>>> print(open('target_5.txt').read())   # compact mmCIF, C-alpha atoms and all ligand atoms
# COMPACT_ATOMS: atom_id res chain seq x y z
CA MET A 2 43.64 -3.88 85.89
CA GLN A 3 43.81 -7.49 87.11
CA VAL A 4 47.40 -8.48 87.98
CA ALA A 5 48.71 -11.94 88.88
CA LEU A 6 52.04 -12.89 90.43
CA LEU A 7 54.44 -15.73 89.64
CA GLY A 8 56.51 -16.57 92.72
CA ALA A 9 53.64 -15.24 94.83
CA ALA A 10 55.00 -16.47 98.17
CA GLY A 11 58.55 -15.21 97.65
CA ARG A 12 60.15 -12.01 98.96
CA MET A 13 59.12 -10.03 95.87
CA GLY A 14 55.71 -11.76 95.63
CA GLN A 15 54.89 -10.58 99.15
CA ALA A 16 56.16 -7.04 98.53
CA LEU A 17 54.01 -6.89 95.37
CA THR A 18 50.93 -8.14 97.21
CA ARG A 19 51.27 -5.22 99.65
CA ILE A 20 51.90 -2.63 96.91
CA ILE A 21 48.98 -3.87 94.77
CA ARG A 22 46.65 -3.85 97.78
CA ASP A 23 47.44 -0.13 98.12
CA SER A 24 47.10 0.64 94.38
CA ASP A 25 44.02 2.41 92.98
CA GLU A 26 44.64 1.09 89.47
CA ALA A 27 45.81 -2.52 89.95
CA GLU A 28 43.91 -5.37 91.58
CA LEU A 29 45.28 -8.72 92.68
CA PHE A 30 43.91 -11.52 90.46
CA GLY A 31 45.91 -14.46 91.80
CA GLY A 32 49.32 -15.92 92.52
CA LEU A 33 51.29 -18.96 91.34
CA GLU A 34 53.63 -21.30 93.21
CA ARG A 35 54.79 -24.86 92.41
CA SER A 36 52.14 -27.56 92.84
CA ASP A 37 54.08 -29.07 95.80
CA SER A 38 54.55 -25.72 97.56
CA PRO A 39 53.30 -25.57 101.16
CA HIS A 40 51.76 -22.19 100.24
CA ILE A 41 49.16 -23.57 97.79
CA GLY A 42 45.70 -22.52 99.01
CA GLN A 43 47.03 -19.85 101.38
CA ASP A 44 45.51 -16.38 101.28
CA MET A 45 48.00 -14.01 99.60
CA GLY A 46 47.27 -11.17 102.02
CA GLU A 47 47.88 -13.38 105.03
CA LEU A 48 51.13 -14.60 103.47
CA ALA A 49 52.23 -10.99 103.01
CA GLY A 50 51.32 -10.09 106.59
CA ILE A 51 48.48 -7.68 105.76
CA GLY A 52 45.42 -9.81 106.61
CA PRO A 53 43.11 -11.75 104.27
CA LEU A 54 42.50 -10.47 100.74
CA GLY A 55 40.34 -13.36 99.52
CA VAL A 56 42.86 -14.28 96.80
CA ARG A 57 44.67 -17.59 97.13
CA VAL A 58 48.00 -19.02 95.94
CA GLU A 59 47.44 -21.65 93.26
CA ALA A 60 49.39 -23.94 90.92
CA ASP A 61 47.39 -23.58 87.68
CA ALA A 62 49.54 -21.39 85.41
CA GLU A 63 47.06 -21.64 82.50
CA ALA A 64 44.24 -20.23 84.64
CA ILE A 65 46.47 -17.38 85.81
CA PHE A 66 47.48 -16.35 82.29
CA ALA A 67 43.95 -16.80 80.91
CA GLY A 68 42.33 -14.64 83.59
CA ALA A 69 44.75 -11.82 84.36
CA ASP A 70 45.37 -8.68 82.29
CA ALA A 71 49.04 -8.71 83.32
CA VAL A 72 51.32 -11.24 85.00
CA ILE A 73 54.34 -10.11 87.03
CA ASP A 74 57.09 -12.73 87.34
CA PHE A 75 59.73 -12.66 90.08
CA SER A 76 60.43 -16.38 90.41
CA THR A 77 62.97 -18.57 88.62
CA PRO A 78 64.55 -18.64 85.13
CA ALA A 79 62.93 -22.05 84.56
CA LEU A 80 59.54 -20.30 84.35
CA THR A 81 60.55 -17.53 81.93
CA ALA A 82 60.28 -19.26 78.53
CA PRO A 83 57.08 -21.26 79.27
CA SER A 84 55.46 -18.15 80.76
CA ALA A 85 56.42 -16.06 77.72
CA GLU A 86 54.73 -18.64 75.49
CA ARG A 87 51.59 -18.66 77.68
CA ALA A 88 51.46 -14.86 77.75
CA ALA A 89 51.68 -14.75 73.95
CA ARG A 90 48.93 -17.37 73.56
CA HIS A 91 46.52 -15.57 75.93
CA GLY A 92 47.47 -12.01 74.95
CA THR A 93 48.40 -11.28 78.58
CA ALA A 94 50.98 -8.60 79.35
CA TYR A 95 54.07 -10.23 80.84
CA ILE A 96 56.37 -8.27 83.17
CA VAL A 97 59.48 -10.26 84.09
CA GLY A 98 61.99 -9.26 86.75
CA THR A 99 63.64 -12.63 87.32
CA SER A 100 67.45 -12.55 87.13
CA GLY A 101 69.81 -15.32 86.01
CA ILE A 102 68.00 -15.69 82.68
CA GLY A 103 70.05 -16.54 79.58
CA PRO A 104 70.05 -15.81 75.83
CA ASP A 105 67.42 -18.52 75.15
CA ASP A 106 65.06 -16.91 77.67
CA ILE A 107 65.59 -13.47 76.11
CA ALA A 108 64.84 -15.01 72.69
CA ALA A 109 61.60 -16.48 74.09
CA LEU A 110 60.62 -13.07 75.50
CA GLN A 111 61.35 -11.40 72.16
CA ALA A 112 59.26 -14.01 70.34
CA ALA A 113 56.36 -13.45 72.76
CA GLY A 114 56.72 -9.71 72.13
CA GLU A 115 55.47 -10.30 68.60
CA ARG A 116 52.05 -11.18 70.03
CA THR A 117 51.74 -9.43 73.38
CA VAL A 118 53.40 -6.76 75.53
CA VAL A 119 56.52 -8.04 77.30
CA VAL A 120 58.54 -5.87 79.70
CA GLN A 121 61.86 -7.24 80.97
CA GLY A 122 63.82 -5.50 83.71
CA TYR A 123 66.75 -6.83 85.70
CA ASN A 124 65.95 -4.05 88.12
CA MET A 125 62.57 -2.31 88.24
CA SER A 126 63.68 0.71 90.28
CA LEU A 127 63.85 4.18 88.78
CA GLY A 128 67.20 4.86 90.46
CA VAL A 129 68.99 1.84 88.99
CA ASN A 130 67.74 2.56 85.48
CA LEU A 131 68.93 6.17 85.80
CA VAL A 132 72.35 4.94 86.96
CA ALA A 133 72.48 2.59 83.95
CA ALA A 134 72.02 5.60 81.65
CA LEU A 135 74.86 7.40 83.49
CA VAL A 136 77.11 4.34 83.24
CA ARG A 137 76.62 4.27 79.47
CA GLN A 138 77.44 7.97 79.23
CA VAL A 139 80.52 7.81 81.50
CA ALA A 140 81.89 4.71 79.74
CA ALA A 141 81.56 6.44 76.37
CA ALA A 142 83.21 9.63 77.63
CA LEU A 143 86.17 8.02 79.41
CA GLY A 144 87.32 5.45 76.88
CA PRO A 145 89.45 2.36 77.53
CA ASP A 146 92.13 4.02 79.72
CA PHE A 147 89.72 3.62 82.60
CA ASP A 148 89.17 0.07 83.89
CA ILE A 149 85.53 -0.78 84.62
CA GLU A 150 84.69 -3.04 87.58
CA ILE A 151 81.22 -3.79 88.91
CA VAL A 152 80.76 -4.81 92.55
CA GLU A 153 77.43 -5.97 93.97
CA MET A 154 76.22 -7.18 97.35
CA HIS A 155 73.01 -9.03 98.15
CA HIS A 156 71.37 -11.00 100.96
CA ARG A 157 72.50 -14.54 101.76
CA MET A 158 69.44 -16.14 100.09
CA LYS A 159 70.22 -14.92 96.56
CA VAL A 160 70.86 -17.86 94.21
CA ASP A 161 72.38 -16.24 91.09
CA ALA A 162 75.57 -14.23 90.45
CA PRO A 163 76.44 -11.75 89.22
CA SER A 164 73.11 -10.05 89.85
CA GLY A 165 70.88 -9.08 86.95
CA THR A 166 71.49 -5.45 87.83
CA ALA A 167 75.26 -5.96 87.58
CA VAL A 168 74.71 -7.47 84.12
CA LEU A 169 72.49 -4.48 83.20
CA PHE A 170 75.29 -2.11 84.26
CA GLY A 171 77.85 -4.23 82.39
CA GLU A 172 75.72 -4.08 79.25
CA ALA A 173 75.36 -0.30 79.63
CA ALA A 174 79.15 0.11 80.02
CA ALA A 175 79.80 -2.15 77.03
CA GLU A 176 77.29 -0.20 74.93
CA GLY A 177 79.03 3.04 75.92
CA ARG A 178 82.28 1.54 74.65
CA ARG A 179 80.59 0.05 71.59
CA VAL A 180 81.64 -3.52 72.40
CA ALA A 181 79.65 -6.68 73.14
CA LEU A 182 79.63 -7.59 76.85
CA PRO A 183 80.22 -11.36 76.35
CA GLU A 184 83.51 -10.55 74.61
CA VAL A 185 84.90 -8.46 77.50
CA ARG A 186 83.24 -9.97 80.57
CA ASP A 187 85.45 -11.13 83.49
CA SER A 188 83.37 -12.81 86.20
CA GLY A 189 84.65 -14.30 89.45
CA ARG A 190 88.44 -13.97 89.32
CA ASP A 191 90.25 -16.58 91.43
CA GLY A 192 93.82 -17.92 91.55
CA ILE A 193 96.65 -16.85 89.20
CA THR A 194 94.50 -14.88 86.83
CA GLY A 195 97.24 -12.92 85.06
CA LYS A 196 97.15 -9.17 84.68
CA ARG A 197 93.93 -7.38 84.03
CA VAL A 198 93.09 -7.53 80.31
CA PRO A 199 92.73 -3.97 78.93
CA GLY A 200 89.13 -3.19 77.99
CA HIS A 201 87.61 -6.00 80.03
CA ILE A 202 84.70 -5.37 82.40
CA GLY A 203 85.06 -7.16 85.76
CA PHE A 204 82.34 -8.41 88.10
CA ALA A 205 82.53 -9.23 91.81
CA ALA A 206 79.59 -10.59 93.84
CA LEU A 207 79.32 -10.41 97.64
CA ARG A 208 76.63 -12.26 99.61
CA GLY A 209 75.62 -11.78 103.22
CA GLY A 210 72.96 -10.83 105.77
CA ASN A 211 69.74 -9.27 104.55
CA VAL A 212 71.21 -6.70 102.14
CA VAL A 213 68.43 -5.86 99.65
CA GLY A 214 70.79 -4.91 96.81
CA GLU A 215 73.84 -2.65 96.44
CA HIS A 216 75.77 -1.98 93.25
CA THR A 217 78.84 0.11 92.45
CA VAL A 218 80.33 0.67 89.01
CA LEU A 219 83.96 1.77 89.29
CA PHE A 220 85.90 3.54 86.57
CA ALA A 221 89.54 3.27 87.69
CA GLY A 222 92.12 5.37 85.87
CA GLU A 223 95.63 6.67 86.61
CA ASP A 224 95.40 8.60 89.89
CA GLU A 225 91.63 9.02 89.81
CA ARG A 226 88.54 6.88 90.22
CA ILE A 227 84.86 7.50 89.57
CA GLU A 228 82.25 5.40 91.38
CA LEU A 229 78.53 5.27 90.67
CA THR A 230 76.59 3.56 93.46
CA HIS A 231 72.97 2.54 93.97
CA ARG A 232 71.69 1.18 97.30
CA ALA A 233 68.22 -0.31 97.62
CA GLY A 234 66.72 0.18 101.07
CA ASN A 235 63.53 -1.81 100.54
CA ARG A 236 61.98 -4.21 97.98
CA ASP A 237 59.04 -1.83 97.56
CA ILE A 238 61.06 0.17 95.00
CA PHE A 239 61.14 -2.91 92.73
CA ALA A 240 57.47 -3.75 93.36
CA ARG A 241 56.31 -0.20 92.58
CA GLY A 242 58.36 -0.26 89.36
CA ALA A 243 56.78 -3.57 88.31
CA VAL A 244 53.25 -2.26 88.91
CA ARG A 245 54.13 0.89 86.95
CA ALA A 246 55.28 -1.39 84.10
CA CYS A 247 51.89 -3.22 84.14
CA LEU A 248 49.94 0.03 83.89
CA TRP A 249 52.26 1.29 81.14
CA ALA A 250 51.88 -2.01 79.27
CA SER A 251 48.10 -1.62 79.09
CA ASN A 252 48.60 1.30 76.65
CA GLN A 253 51.23 -0.30 74.42
CA SER A 254 51.17 -2.35 71.23
CA PRO A 255 52.72 -5.83 71.37
CA GLY A 256 56.50 -5.67 71.64
CA PHE A 257 59.54 -6.55 73.71
CA TYR A 258 60.30 -3.63 76.02
CA THR A 259 62.61 -2.93 78.95
CA MET A 260 62.24 -0.76 82.03
CA ALA A 261 64.13 1.99 80.17
CA ASP A 262 61.09 2.19 77.83
CA VAL A 263 58.65 2.26 80.74
CA LEU A 264 60.59 5.05 82.46
CA GLY A 265 61.17 7.07 79.28
CA LEU A 266 64.94 6.59 79.48
CA ARG A 267 65.44 4.87 76.14
CA ARG A 268 68.62 6.17 74.50
CA PRO A 269 68.11 7.60 70.99
CA ASP A 270 69.83 5.21 68.49
N1 LIG B 1 64.06 -7.06 88.59
C1 LIG B 1 64.05 -6.65 89.85
O1 LIG B 1 63.84 -5.46 90.14
C2 LIG B 1 64.23 -7.66 90.93
C3 LIG B 1 64.48 -8.96 90.60
N2 LIG B 1 64.54 -9.92 91.57
C4 LIG B 1 64.67 -11.28 91.10
O2 LIG B 1 63.41 -11.92 91.25
C5 LIG B 1 63.62 -13.31 91.51
C6 LIG B 1 62.90 -13.70 92.79
O3 LIG B 1 63.47 -13.02 93.90
P1 LIG B 1 62.92 -13.25 95.38
O4 LIG B 1 61.49 -12.87 95.46
O5 LIG B 1 63.90 -12.59 96.28
O6 LIG B 1 63.10 -14.84 95.49
P2 LIG B 1 62.26 -15.87 96.39
O7 LIG B 1 63.04 -17.15 96.39
O8 LIG B 1 61.90 -15.25 97.69
O9 LIG B 1 60.91 -16.05 95.56
C7 LIG B 1 60.79 -16.81 94.40
C8 LIG B 1 59.49 -17.57 94.49
O10 LIG B 1 59.27 -18.26 93.27
C9 LIG B 1 58.85 -19.57 93.58
N3 LIG B 1 59.10 -20.51 92.48
C10 LIG B 1 60.25 -21.13 92.14
N4 LIG B 1 60.05 -21.96 91.11
C11 LIG B 1 58.73 -21.88 90.81
C12 LIG B 1 57.91 -22.51 89.84
N5 LIG B 1 58.41 -23.39 88.95
N6 LIG B 1 56.59 -22.21 89.80
C13 LIG B 1 56.07 -21.31 90.67
N7 LIG B 1 56.79 -20.68 91.62
C14 LIG B 1 58.12 -20.96 91.68
C15 LIG B 1 59.69 -19.92 94.80
O11 LIG B 1 59.17 -21.06 95.44
P3 LIG B 1 60.21 -22.10 96.19
O12 LIG B 1 60.74 -21.35 97.36
O13 LIG B 1 59.32 -23.24 96.51
O14 LIG B 1 61.28 -22.41 95.18
C16 LIG B 1 59.55 -18.64 95.60
O15 LIG B 1 58.37 -18.60 96.36
C17 LIG B 1 65.13 -13.50 91.55
O16 LIG B 1 65.56 -13.91 90.27
C18 LIG B 1 65.66 -12.11 91.86
O17 LIG B 1 66.97 -11.90 91.45
C19 LIG B 1 64.40 -9.62 92.88
C20 LIG B 1 64.20 -8.33 93.27
C21 LIG B 1 64.09 -7.23 92.33
O1 LIG B 2 67.73 -11.21 94.23
C1 LIG B 2 67.52 -10.05 94.63
O2 LIG B 2 67.21 -9.80 95.80
C2 LIG B 2 67.64 -8.95 93.67
N1 LIG B 2 67.80 -9.27 92.41
C3 LIG B 2 67.89 -8.37 91.32
C4 LIG B 2 69.22 -8.56 90.63
O3 LIG B 2 69.67 -9.70 90.47
O4 LIG B 2 69.81 -7.56 90.19
C5 LIG B 2 67.54 -6.95 91.67
C6 LIG B 2 67.87 -6.52 93.06
O5 LIG B 2 69.22 -6.18 93.13
C7 LIG B 2 67.51 -7.55 94.11
>>> encode(input="target_5.txt", output="C-alpha cells")
Amino acid sequence: MQVALLGAAGRMGQALTRIIRDSDEAELFGGLERSDSPHIGQDMGELAGIGPLGVRVEADAEAIFAGADAVIDFSTPALTAPSAERAARHGTAYIVGTSGIGPDDIAALQAAGERTVVVQGYNMSLGVNLVAALVRQVAAALGPDFDIEIVEMHHRMKVDAPSGTAVLFGEAAAEGRRVALPEVRDSGRDGITGKRVPGHIGFAALRGGNVVGEHTVLFAGEDERIELTHRAGNRDIFARGAVRACLWASNQSPGFYTMADVLGLRRPD
C-alpha cells in the first residue's frame, strides 16, 4: 500500500517515515510540506535520520492525493477540511491525527466519509483508546457525585490546548454520563472562578520539556479518588497506530471512522 504523509518534516512525519520504512505492508509514496518550507526537495529518509529513501518532500497536495492509496495527516487544523475534500475527490483513504480541529473540520471529515474511508483519531495509540473505553465505563458507574478532572502534559512545542486526547477522554466521560461535553466543559480556570459547578468536566494543560504526552483522568469523590493515567514514552506508538489504520482502511467501505473502530473497541449502541 502506498502511503503519503502531510506534515512530513514534523515530529510525527519523521516517526512515520521510520515506521513505514520498517513495514512489510506499507510503502512511502511521498510527503507534503508548505511550498515555502526549507524541507521541500529533501529526502524523507535523510530528514528522519535513517539515510536516503529516494522519496522527497514536496508541496503539491493534488499529486499526493492522486497518487497515494492512503494519506496520513499529522500537521495543522488548517489542512483538515481541504484534505478531506481532496481525499473524497480522489477516493484516497484519509487518516487524520491532527489535534485542535473544530466542529467544521469534523463535519468536513464526515462529508468526505460519504465518498472515501476517513479515520480520525485524536490519539492513535492502543493504550489511550483502551483508557477512553474505561473512562466511559467508570463515568457511567460513578455518577455525578464524583468530580471529573482531566490533566495533561506535553512538550514545550505543542501549539494547542487542551490536547486532542484530553478532549477524547472528556467526550468519553460525558458519554458515560449521557451529557454533551460542550455543555459541561470547564477549560483553563483562572482568577475568581467561583465554586466548582456540579457535573462539569475540568481540563488543565501543562507544557514543558520534551514530554511526549501524559494524561490523567481523575474521578474525585468524598474521601476517595480514582485516577486513570496514560503515559506515552515514544511517538512510535502513534505512528504504528496510524499505519495500522491505513491497512485497516484498505478493507473498509467509505465511511467516517475513529480509532475505536480500527482497534475493535467500538461501544455497542
Ligand atoms: N493523533 C495522535 O496520535 C497524535 C496527534 N498529534 C498531532 O499531530 C499534529 C502534528 O504534531 P507534530 O508532528 O508534533 O507537529 P510538528 O509541528 O512537528 O509537525 C507538523 C508539520 O506540519 C507542517 N505543516 C504546517 N502547516 C502545513 C501546511 N499548510 N501544509 C503542509 N505542511 C504543514 C509543519 O510545518 P511548519 O513547521 O513549517 O509549520 C510541520 O512540519 C498536532 O496537531 C499534534 O497534536 C501528534 C502526535 C500524536
Ligand atoms: O502534540 C502532541 O505531541 C500530541 N498530540 C496529541 C494530542 O493532542 O492529544 C496526541 C499526543 O498526546 C501527542
>>> closest_atom_pairs(input="target_5.txt", of="region 155-211 of chain A", to="region 98-106 of chain A", cutoff="8 Å", atoms="all atoms listed in the file", output="Markdown table")
| residue | atom | partner | partner_atom | distance |
| --- | --- | --- | --- | --- |
| A:Asp161 | CA | A:Gly101 | CA | 5.8 |
| A:Ala162 | CA | A:Gly101 | CA | 7.4 |
| A:Ser164 | CA | A:Ser100 | CA | 6.8 |
| A:Gly165 | CA | A:Ser100 | CA | 4.9 |
>>> residues_near_ligand(input="target_5.txt", ligand="ligand LIG 1 (chain B)", cutoff="8 Å", atoms="all atoms listed in the file", output="JSON list (two decimals) with C-alpha atoms, in the frame of the given file")
[["chain", "number", "residue", "atom", "x", "y", "z"],
["A", 7, "LEU", "CA", 54.44, -15.73, 89.64],
["A", 8, "GLY", "CA", 56.51, -16.57, 92.72],
["A", 9, "ALA", "CA", 53.64, -15.24, 94.83],
["A", 10, "ALA", "CA", 55.00, -16.47, 98.17],
["A", 11, "GLY", "CA", 58.55, -15.21, 97.65],
["A", 12, "ARG", "CA", 60.15, -12.01, 98.96],
["A", 13, "MET", "CA", 59.12, -10.03, 95.87],
["A", 14, "GLY", "CA", 55.71, -11.76, 95.63],
["A", 15, "GLN", "CA", 54.89, -10.58, 99.15],
["A", 33, "LEU", "CA", 51.29, -18.96, 91.34],
["A", 34, "GLU", "CA", 53.63, -21.30, 93.21],
["A", 35, "ARG", "CA", 54.79, -24.86, 92.41],
["A", 36, "SER", "CA", 52.14, -27.56, 92.84],
["A", 37, "ASP", "CA", 54.08, -29.07, 95.80],
["A", 38, "SER", "CA", 54.55, -25.72, 97.56],
["A", 39, "PRO", "CA", 53.30, -25.57, 101.16],
["A", 60, "ALA", "CA", 49.39, -23.94, 90.92],
["A", 74, "ASP", "CA", 57.09, -12.73, 87.34],
["A", 75, "PHE", "CA", 59.73, -12.66, 90.08],
["A", 76, "SER", "CA", 60.43, -16.38, 90.41],
["A", 77, "THR", "CA", 62.97, -18.57, 88.62],
["A", 78, "PRO", "CA", 64.55, -18.64, 85.13],
["A", 79, "ALA", "CA", 62.93, -22.05, 84.56],
["A", 80, "LEU", "CA", 59.54, -20.30, 84.35],
["A", 97, "VAL", "CA", 59.48, -10.26, 84.09],
["A", 98, "GLY", "CA", 61.99, -9.26, 86.75],
["A", 99, "THR", "CA", 63.64, -12.63, 87.32],
["A", 100, "SER", "CA", 67.45, -12.55, 87.13],
["A", 101, "GLY", "CA", 69.81, -15.32, 86.01],
["A", 121, "GLN", "CA", 61.86, -7.24, 80.97],
["A", 122, "GLY", "CA", 63.82, -5.50, 83.71],
["A", 123, "TYR", "CA", 66.75, -6.83, 85.70],
["A", 124, "ASN", "CA", 65.95, -4.05, 88.12],
["A", 125, "MET", "CA", 62.57, -2.31, 88.24],
["A", 126, "SER", "CA", 63.68, 0.71, 90.28],
["A", 158, "MET", "CA", 69.44, -16.14, 100.09],
["A", 159, "LYS", "CA", 70.22, -14.92, 96.56],
["A", 160, "VAL", "CA", 70.86, -17.86, 94.21],
["A", 161, "ASP", "CA", 72.38, -16.24, 91.09],
["A", 164, "SER", "CA", 73.11, -10.05, 89.85],
["A", 165, "GLY", "CA", 70.88, -9.08, 86.95],
["A", 166, "THR", "CA", 71.49, -5.45, 87.83],
["A", 236, "ARG", "CA", 61.98, -4.21, 97.98],
["A", 238, "ILE", "CA", 61.06, 0.17, 95.00],
["A", 239, "PHE", "CA", 61.14, -2.91, 92.73],
["A", 240, "ALA", "CA", 57.47, -3.75, 93.36],
["A", 242, "GLY", "CA", 58.36, -0.26, 89.36],
["A", 243, "ALA", "CA", 56.78, -3.57, 88.31]]
>>> closest_residue(input="target_5.txt", among="A:Ala261, A:Ile20, A:Ala141, A:Ala108", to="Val180 (chain A)", atoms="all atoms listed in the file")
A:Ala141
>>> closest_residue(input="target_5.txt", among="A:Asp237, A:Glu228, A:Glu47, A:Glu63", to="ligand LIG 2 (chain B)", atoms="all atoms listed in the file")
A:Asp237
>>> residues_near_point(input="target_5.txt", point="(80.4, -5.4, 86.0)", cutoff="7 Å", atoms="all atoms listed in the file", output="list of chain:residue names")
A:Glu150, A:Ile151, A:Val152, A:Ala167, A:Val168, A:Phe170, A:Gly171, A:Ile202, A:Gly203, A:Phe204, A:Val218
>>> atom_distance(input="target_5.txt", atom1="CA of Leu29 (chain A)", atom2="atom O3 of ligand LIG 2 (chain B)")
24.5 Å
>>> axis_aligned_box(input="target_5.txt", around="region 244-252 of chain A", padding_each_side="5 Å", output="JSON")
{"center_x": 51.7, "center_y": -1.0, "center_z": 82.8, "size_x": 17.2, "size_y": 14.5, "size_z": 22.3}
>>> closest_residue(input="target_5.txt", among="A:Ile193, A:Ala206, A:Arg178, A:Gly200", to="Arg157 (chain A)", atoms="only C-alpha atoms")
A:Ala206
>>> atom_distance(input="target_5.txt", atom1="CA of Gly144 (chain A)", atom2="CA of Ala205 (chain A)")
21.5 Å
>>> atom_distance(input="target_5.txt", atom1="CA of Ala5 (chain A)", atom2="CA of Ile96 (chain A)")
10.2 Å
>>> residues_near_point(input="target_5.txt", point="(59.2, -17.2, 77.8)", cutoff="10 Å", atoms="only C-alpha atoms", output="VMD selection string")
chain A and resid 78 to 89 95 97 105 to 114 119
>>> decode(input="target_5.txt", residues="region 117-139 of chain A", atoms="N, CA and C atoms", output="PDB file, in the first residue's frame")
ATOM      1  N   THR A 117     -15.218   8.284   0.642  1.00  0.00           N
ATOM      2  CA  THR A 117     -13.978   7.522   0.827  1.00  0.00           C
ATOM      3  C   THR A 117     -13.863   7.116   2.293  1.00  0.00           C
ATOM      4  N   VAL A 118     -12.797   6.375   2.621  1.00  0.00           N
ATOM      5  CA  VAL A 118     -12.620   5.946   4.014  1.00  0.00           C
ATOM      6  C   VAL A 118     -11.843   7.024   4.769  1.00  0.00           C
ATOM      7  N   VAL A 119     -12.446   7.522   5.845  1.00  0.00           N
ATOM      8  CA  VAL A 119     -11.800   8.532   6.688  1.00  0.00           C
ATOM      9  C   VAL A 119     -11.679   7.947   8.092  1.00  0.00           C
ATOM     10  N   VAL A 120     -10.471   8.000   8.655  1.00  0.00           N
ATOM     11  CA  VAL A 120     -10.275   7.582  10.049  1.00  0.00           C
ATOM     12  C   VAL A 120      -9.729   8.773  10.821  1.00  0.00           C
ATOM     13  N   GLN A 121     -10.448   9.184  11.864  1.00  0.00           N
ATOM     14  CA  GLN A 121      -9.983  10.297  12.707  1.00  0.00           C
ATOM     15  C   GLN A 121      -9.626   9.751  14.082  1.00  0.00           C
ATOM     16  N   GLY A 122      -8.478  10.179  14.599  1.00  0.00           N
ATOM     17  CA  GLY A 122      -8.092   9.735  15.943  1.00  0.00           C
ATOM     18  C   GLY A 122      -7.276  10.801  16.645  1.00  0.00           C
ATOM     19  N   TYR A 123      -7.784  11.327  17.747  1.00  0.00           N
ATOM     20  CA  TYR A 123      -7.010  12.314  18.499  1.00  0.00           C
ATOM     21  C   TYR A 123      -5.774  11.665  19.100  1.00  0.00           C
ATOM     22  N   ASN A 124      -5.824  10.352  19.242  1.00  0.00           N
ATOM     23  CA  ASN A 124      -4.649   9.625  19.710  1.00  0.00           C
ATOM     24  C   ASN A 124      -4.698   8.248  19.070  1.00  0.00           C
ATOM     25  N   MET A 125      -3.612   7.885  18.373  1.00  0.00           N
ATOM     26  CA  MET A 125      -3.614   6.645  17.584  1.00  0.00           C
ATOM     27  C   MET A 125      -3.103   5.457  18.387  1.00  0.00           C
ATOM     28  N   SER A 126      -2.786   5.639  19.663  1.00  0.00           N
ATOM     29  CA  SER A 126      -2.210   4.518  20.416  1.00  0.00           C
ATOM     30  C   SER A 126      -3.311   3.600  20.932  1.00  0.00           C
ATOM     31  N   LEU A 127      -2.975   2.325  21.013  1.00  0.00           N
ATOM     32  CA  LEU A 127      -3.919   1.340  21.551  1.00  0.00           C
ATOM     33  C   LEU A 127      -4.238   1.674  22.999  1.00  0.00           C
ATOM     34  N   GLY A 128      -3.195   2.009  23.780  1.00  0.00           N
ATOM     35  CA  GLY A 128      -3.382   2.246  25.215  1.00  0.00           C
ATOM     36  C   GLY A 128      -4.367   3.362  25.493  1.00  0.00           C
ATOM     37  N   VAL A 129      -4.224   4.488  24.791  1.00  0.00           N
ATOM     38  CA  VAL A 129      -5.124   5.618  25.039  1.00  0.00           C
ATOM     39  C   VAL A 129      -6.561   5.252  24.698  1.00  0.00           C
ATOM     40  N   ASN A 130      -6.756   4.536  23.607  1.00  0.00           N
ATOM     41  CA  ASN A 130      -8.129   4.197  23.216  1.00  0.00           C
ATOM     42  C   ASN A 130      -8.761   3.203  24.186  1.00  0.00           C
ATOM     43  N   LEU A 131      -7.927   2.333  24.775  1.00  0.00           N
ATOM     44  CA  LEU A 131      -8.431   1.447  25.838  1.00  0.00           C
ATOM     45  C   LEU A 131      -8.820   2.265  27.071  1.00  0.00           C
ATOM     46  N   VAL A 132      -7.971   3.234  27.428  1.00  0.00           N
ATOM     47  CA  VAL A 132      -8.282   4.071  28.599  1.00  0.00           C
ATOM     48  C   VAL A 132      -9.581   4.842  28.357  1.00  0.00           C
ATOM     49  N   ALA A 133      -9.795   5.303  27.127  1.00  0.00           N
ATOM     50  CA  ALA A 133     -11.034   6.042  26.822  1.00  0.00           C
ATOM     51  C   ALA A 133     -12.259   5.165  27.099  1.00  0.00           C
ATOM     52  N   ALA A 134     -12.148   3.884  26.730  1.00  0.00           N
ATOM     53  CA  ALA A 134     -13.274   2.959  26.982  1.00  0.00           C
ATOM     54  C   ALA A 134     -13.492   2.806  28.497  1.00  0.00           C
ATOM     55  N   LEU A 135     -12.386   2.759  29.259  1.00  0.00           N
ATOM     56  CA  LEU A 135     -12.506   2.645  30.723  1.00  0.00           C
ATOM     57  C   LEU A 135     -13.112   3.913  31.321  1.00  0.00           C
ATOM     58  N   VAL A 136     -12.701   5.064  30.800  1.00  0.00           N
ATOM     59  CA  VAL A 136     -13.223   6.342  31.304  1.00  0.00           C
ATOM     60  C   VAL A 136     -14.745   6.379  31.145  1.00  0.00           C
ATOM     61  N   ARG A 137     -15.203   5.945  29.976  1.00  0.00           N
ATOM     62  CA  ARG A 137     -16.656   5.935  29.713  1.00  0.00           C
ATOM     63  C   ARG A 137     -17.373   5.058  30.740  1.00  0.00           C
ATOM     64  N   GLN A 138     -16.769   3.883  30.981  1.00  0.00           N
ATOM     65  CA  GLN A 138     -17.371   2.908  31.891  1.00  0.00           C
ATOM     66  C   GLN A 138     -17.370   3.436  33.334  1.00  0.00           C
ATOM     67  N   VAL A 139     -16.245   4.008  33.763  1.00  0.00           N
ATOM     68  CA  VAL A 139     -16.142   4.494  35.146  1.00  0.00           C
ATOM     69  C   VAL A 139     -17.087   5.682  35.351  1.00  0.00           C
TER      70      VAL A 139
END
